[in-house]
Amino acid sequence: FIATLPCVFALAVSLPAAEKKAAPNPYPLILGPIRLWENDAPGAKGQRPQDVPTLTPFPADPAKRNGATMLILPGGGYGNLAEHEGTCYAEFFAAHGITAYVLKYRLGSNGYQHPTMLNDAARALRMLRTFARRDGLDPARIGVIGSSAGGHLAATLVTHFATGKPDAADPVERESSRPDLGVLCYPVISFGEFAHAGSRKNLLGDNPSADLVKHISNESQVSRDTPPCFLWHTVEDKTVPVENSLLFASALRRAGVPFSLHIYELGAHGLGFGRDSRPAPPWASQLLHWFKERKFTP
């Protein structure tokens with residue numbers, strides 16, 4: 001995050017004098033992790049760092065800022081959070097003019113189960129809409145990206161979103177939690193035949209009901225209101241089978257939801273932008289092209 005501080009400083013000093021004198025905002029820009037709730041998060045099991053979900057901001061390069069925002073959900077099997085699927089993505093988006101926030105959501109390894117993770121992601125998406133209105137960004141261009149289990153959480157958010165509560169005292173709760181688009185990187189989607197066992201156990205416990213398994217197998221939850229999605233996966237992935245992305249894309253197709261599906265032959269699970277000298281497929285450049293096609297970016 002230190003590497004992004006120059007961007008934050010440049011953004012701050014460029015504000016017009018009139019904006020600097022505006023009334024205090026209840027959600028001011030913070031140069032560091034932002035708590036999703038001022039007090040204990042709903043269902044918190046304590047006050048340990050792992051009990052406090054947070055957002056870390058990565059402001060876009062002021063010279064390139066285009067008004068779009070991305071919420072980033074790192075993977076890790078709902079047992080940990082992969083740094084290379086969080087900070088690395090945020091720095092990439094910020095460099096391309098897209099304001100980014102990395103979510104530290106609560107995990108099964110720390111005693112949490114569904115719907116805690118979805119509640120964290122939904123609250124974060126709502127906060128980003130509030131921030132967009134505050135910062136002169138577009139509240140109708142807010143996307144979510146997730147990888148592996150983070151891809152499952154992103155898929156859950158695009159299929160289980162809720163409208164806001166217009167009469168809520170908290171401005172954040174008035175906002176919708178529906179992303180304007182979703183980006184799913186080698187995502188966990190189904191908890192059926194092609195499930196990732198570790199993600200399923202950490203999210204749902206040892207003996208979830210059949211109804212809960214179906215409810216959170218997101219290929220069965222796609223509707224015409226699901227936002228457009230970009231998916232990529234590799235056939236070589238032995239951790240999360242490629243069928244997960246294929247099932248979700250098929251569901252999007254049946255529902256008439258626009259999508260862009262990229263299946264690559266080679267590449268192990270968890271590549272992100274590339275790891276340990278292993279190159280990643282060219283998904284990032286194709287994602288930027290899709291953003292332009294969707295008019296998410298200029």
# chains A, B, ... in the order shown; residues from 1 in each chain; ligands from 1
$ closest_atom_pairs --of "region 150-224 of chain A" --to "region 255-258 of chain A" --cutoff "8 Å" --atoms "only C-alpha atoms" --output "tab-separated table"
residue	atom	partner	partner_atom	distance
A:Val222	CA	A:Ala255	CA	7.0
A:Ser223	CA	A:Ala255	CA	5.7
A:Arg224	CA	A:Ala255	CA	5.1
$ residues_around --residues "Arg35 (chain A)" --least-positions-apart "2" --cutoff "10 Å" --atoms "only C-alpha atoms" --output "list in words"
Gly32, Pro33, Trp37, Glu38, Asn39, Asp40, Ala41, Val52, Pro53, Thr54, Leu55, Thr56, Leu103, Lys104 and Ala124 of chain A
$ select_by_dssp --residues "region 129-213 of chain A" --states "strand (DSSP E)" --output "list in words"
Ile142, Gly143, Val144, Ile145, Gly146, Ser147, Leu181, Gly182, Val183, Leu184 and Cys185 of chain A
$ closest_residue --among "A:Gly164, A:Gly67, A:Pro179, A:Pro279" --to "Lys295 (chain A)" --atoms "only C-alpha atoms"
A:Gly67
$ atom_distance --atom1 "CA of Val158 (chain A)" --atom2 "CA of Ser190 (chain A)"
14.5 Å
